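Undergrad: Pasting a structure here, questions to come.
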Amino acid sequence: MSTQRKARRHVSISLIISTALAILLSGCTTWTVEPQGTLQNPPRVAALPAKVGVYYSDELRTYEHRFSRGMILFVIPLGKATVRFLDETFPIVFEKATVVAGLPPRAETENYAFVIQPRIEDFNFIYPWTPFGTFSAEITYRFTLYSKDGTPFASWTVNGLGNISSAYEATGSPIGYTSSLALEDAAKKFLSGFYEEPEVRAWMRQVGITEAK
């Protein structure tokens, strides 16, 4: 086969593949599923007597998880829901929690005992092949505390799990409902485990906080 014929054949194959992909993509539907819900019945914890800054990065705020099932692309905007859940969580464990625009040592964060930054490290979703199967969601957050000079002095992860055994158990979309359960579980685990973190306890001793209120 001549070089010219090979080139024409390569172009033809490439055109066929490109056309097939275009047809497939044109038939694909994108569904955005918002995790709903709020923090229900959080554990009762003492409030840290400190003014704390909360930094939500753009990466966190815009975080999305995408997965496909058949010809449907599901998009779960976890960042927006995370901010909503944590805005309810932080005022429970901190005497005062205020959103700040950046990490220390920026001037606007100097008046805070520390700044906490949450990040989404991982998210997994299992979509069963029948409506009667188990929907499962798991999210992993990393929380990092920064001192006034910008030095991180504590960092740990929290996992949240959400499961429903049938789509008919969900309020609204089973995807959004299950994801919301995972976020809520993570928020509750953060509250119940905050004072158990060795680095948090070490910081409290260092600044002279003997107990929370």
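Letters A, B, ... go to the chains of the structure tokens in the order shown; residues in each chain start at 1; ligands are counted from 1 in the same order.
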I'd like the contact shell of region 77-81 of chain A - 10 Å cut-off, only C-alpha atoms, skipping same-chain residues fewer than 4 positions apart - returned as a ChimeraX atom specification.

TA: /A:32-38,56-66,85-87,119-120,123,139,176,179-180,183-184

Undergrad: When DSSP is applied to the backbone of this structure, which of chain A are assigned helix (DSSP H, G or I)? Write them out as a ChimeraX atom specification.

TA: /A:3-26,58-61,78-93,107-109,167-169,174-196,198-207

Undergrad: Taking into account only C-alpha atoms, which residue in the set A:Ala187, A:Ile126, A:Ala113, A:Val200 is nearest to Ala154 (chain A)?

TA: A:Val200

Undergrad: Tell me, in Å to one decimal, how far CA of Phe67 (chain A) is from CA of Phe143 (chain A).

TA: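 Result for CA of Phe67 (chain A) versus CA of Phe143 (chain A): 25.6 Å, one decimal.
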
Undergrad: Just asking: which residues within region 1-147 of chain A are strand (DSSP E or B) according to DSSP, as a ChimeraX atom specification?

TA: /A:29-32,48-55,65-69,72-76,94-100,114-126,135-146

Undergrad: Write a file of the selected residues as a CSV table (one decimal), in the first residue's frame, keeping C-alpha atoms.

TA:
chain,number,residue,atom,x,y,z
A,29,THR,CA,-27.6,13.9,29.0
A,30,THR,CA,-26.0,15.8,31.9
A,31,TRP,CA,-27.9,15.9,35.2
A,32,THR,CA,-26.8,18.2,38.0
A,48,LEU,CA,-13.8,26.5,72.0
A,49,PRO,CA,-13.4,30.0,73.6
A,50,ALA,CA,-11.7,31.5,70.5
A,51,LYS,CA,-12.4,33.6,67.5
A,52,VAL,CA,-11.6,31.5,64.4
A,53,GLY,CA,-11.3,32.3,60.8
A,54,VAL,CA,-12.7,29.9,58.2
A,55,TYR,CA,-11.2,29.8,54.7
A,65,HIS,CA,-17.9,15.0,41.3
A,66,ARG,CA,-18.8,13.5,37.9
A,67,PHE,CA,-19.7,10.0,37.0
A,68,SER,CA,-21.6,8.4,34.1
A,69,ARG,CA,-24.2,5.7,34.1
A,72,ILE,CA,-26.2,10.1,31.5
A,73,LEU,CA,-23.5,12.2,33.1
A,74,PHE,CA,-24.2,13.0,36.7
A,75,VAL,CA,-22.7,16.1,38.3
A,76,ILE,CA,-22.7,16.5,42.0
A,94,PHE,CA,-16.1,27.5,67.9
A,95,GLU,CA,-17.2,30.5,70.0
A,96,LYS,CA,-17.1,32.6,66.9
A,97,ALA,CA,-16.4,31.5,63.3
A,98,THR,CA,-16.0,34.0,60.5
A,99,VAL,CA,-15.3,33.4,56.8
A,100,VAL,CA,-12.1,35.0,55.7
A,114,PHE,CA,-6.2,30.4,64.0
A,115,VAL,CA,-7.7,29.8,60.6
A,116,ILE,CA,-9.2,26.5,59.6
A,117,GLN,CA,-9.2,25.3,56.0
A,118,PRO,CA,-11.4,22.4,54.9
A,119,ARG,CA,-10.6,20.5,51.7
A,120,ILE,CA,-12.3,17.6,49.9
A,121,GLU,CA,-9.7,14.9,49.4
A,122,ASP,CA,-11.9,12.2,47.9
A,123,PHE,CA,-15.4,11.3,47.1
A,124,ASN,CA,-16.9,8.0,45.9
A,125,PHE,CA,-20.4,7.1,44.8
A,126,ILE,CA,-21.9,3.7,44.1
A,135,PHE,CA,-26.8,3.7,47.0
A,136,SER,CA,-23.6,4.6,48.8
A,137,ALA,CA,-21.5,7.7,49.1
A,138,GLU,CA,-18.2,8.3,50.9
A,139,ILE,CA,-16.5,11.7,51.3
A,140,THR,CA,-13.1,12.4,52.8
A,141,TYR,CA,-12.3,15.9,54.2
A,142,ARG,CA,-9.0,17.2,55.4
A,143,PHE,CA,-9.1,20.0,58.0
A,144,THR,CA,-5.9,22.1,58.5
A,145,LEU,CA,-5.4,24.7,61.2
A,146,TYR,CA,-3.0,27.6,60.5

Undergrad: Interatomic distance between CA of Ala47 (chain A) and CA of Glu199 (chain A)?

TA: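 Taking CA of Ala47 (chain A) as the start and CA of Glu199 (chain A) as the end point, the length is 17.1 Å.
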
Undergrad: Looking at A:Val93, A:Ala182, A:Ile209, A:Ala202, which one is nearest to Val45 (chain A), with distances taken over only C-alpha atoms?

TA: A:Val93

Undergrad: Suppose you want the space between CA of Ser155 (chain A) and CA of Arg84 (chain A); what is it in Å?

TA: 21.5 Å

Undergrad: Which one of A:Glu110, A:Glu88, A:Asp185, A:Glu211 sits closest to Val158 (chain A) if you count only C-alpha atoms?

TA: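 For Val158 (chain A), the nearest of the given residues is A:Asp185.
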
Undergrad: Using only C-alpha atoms, which residue out of A:Val83, A:Phe132, A:Thr89, A:Trp156 lies closest to Glu197 (chain A)?

TA: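 Result for the nearest residue to Glu197 (chain A): A:Trp156.
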
Undergrad: Neighbouring residues of region 164-168 of chain A were defined as those with any atom within 9 Å, considering only C-alpha atoms; residues of the same chain fewer than 2 positions away were excluded. Please report them as a PyMOL selection string.

TA: chain A and resi 130-136+162+170-171+173-175+177-178

Undergrad: Take the residues from that selection and write them out as a short mmCIF file (atom, residue, chain, number, x, y, z; two decimals), in the first residue's frame, keeping N, CA and C atoms.

TA:
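File produced: part.cif:
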data_model
loop_
_atom_site.label_atom_id
_atom_site.label_comp_id
_atom_site.auth_asym_id
_atom_site.auth_seq_id
_atom_site.Cartn_x
_atom_site.Cartn_y
_atom_site.Cartn_z
N THR A 130 -30.11 -1.52 39.96
CA THR A 130 -31.55 -1.64 40.11
C THR A 130 -32.02 -0.64 41.15
N PRO A 131 -33.26 -0.20 41.09
CA PRO A 131 -33.78 0.76 42.09
C PRO A 131 -33.79 0.20 43.50
N PHE A 132 -33.68 -1.14 43.63
CA PHE A 132 -33.75 -1.76 44.94
C PHE A 132 -32.35 -2.01 45.53
N GLY A 133 -31.31 -1.61 44.80
CA GLY A 133 -29.95 -1.79 45.31
C GLY A 133 -29.56 -0.71 46.28
N THR A 134 -28.36 -0.82 46.81
CA THR A 134 -27.86 0.13 47.81
C THR A 134 -27.10 1.26 47.14
N PHE A 135 -27.53 2.48 47.43
CA PHE A 135 -26.81 3.68 47.00
C PHE A 135 -25.83 4.04 48.11
N SER A 136 -24.57 4.27 47.76
CA SER A 136 -23.55 4.56 48.77
C SER A 136 -22.70 5.76 48.36
N GLY A 162 -22.68 7.68 53.61
CA GLY A 162 -24.13 7.75 53.41
C GLY A 162 -24.60 6.54 52.64
N ALA A 170 -35.36 7.57 49.39
CA ALA A 170 -34.76 8.90 49.30
C ALA A 170 -35.82 9.98 49.30
N THR A 171 -35.43 11.14 49.83
CA THR A 171 -36.22 12.35 49.69
C THR A 171 -35.65 13.11 48.51
N SER A 173 -33.85 13.15 44.84
CA SER A 173 -32.95 12.28 44.11
C SER A 173 -32.17 11.38 45.06
N PRO A 174 -32.08 10.06 44.78
CA PRO A 174 -31.28 9.18 45.65
C PRO A 174 -29.81 9.57 45.63
N ILE A 175 -29.33 10.14 44.53
CA ILE A 175 -27.93 10.57 44.47
C ILE A 175 -27.71 11.75 45.40
N TYR A 177 -29.63 12.71 47.86
CA TYR A 177 -29.96 12.34 49.24
C TYR A 177 -28.81 11.57 49.89
N THR A 178 -28.26 10.60 49.17
CA THR A 178 -27.15 9.81 49.72
C THR A 178 -25.91 10.67 49.94
#
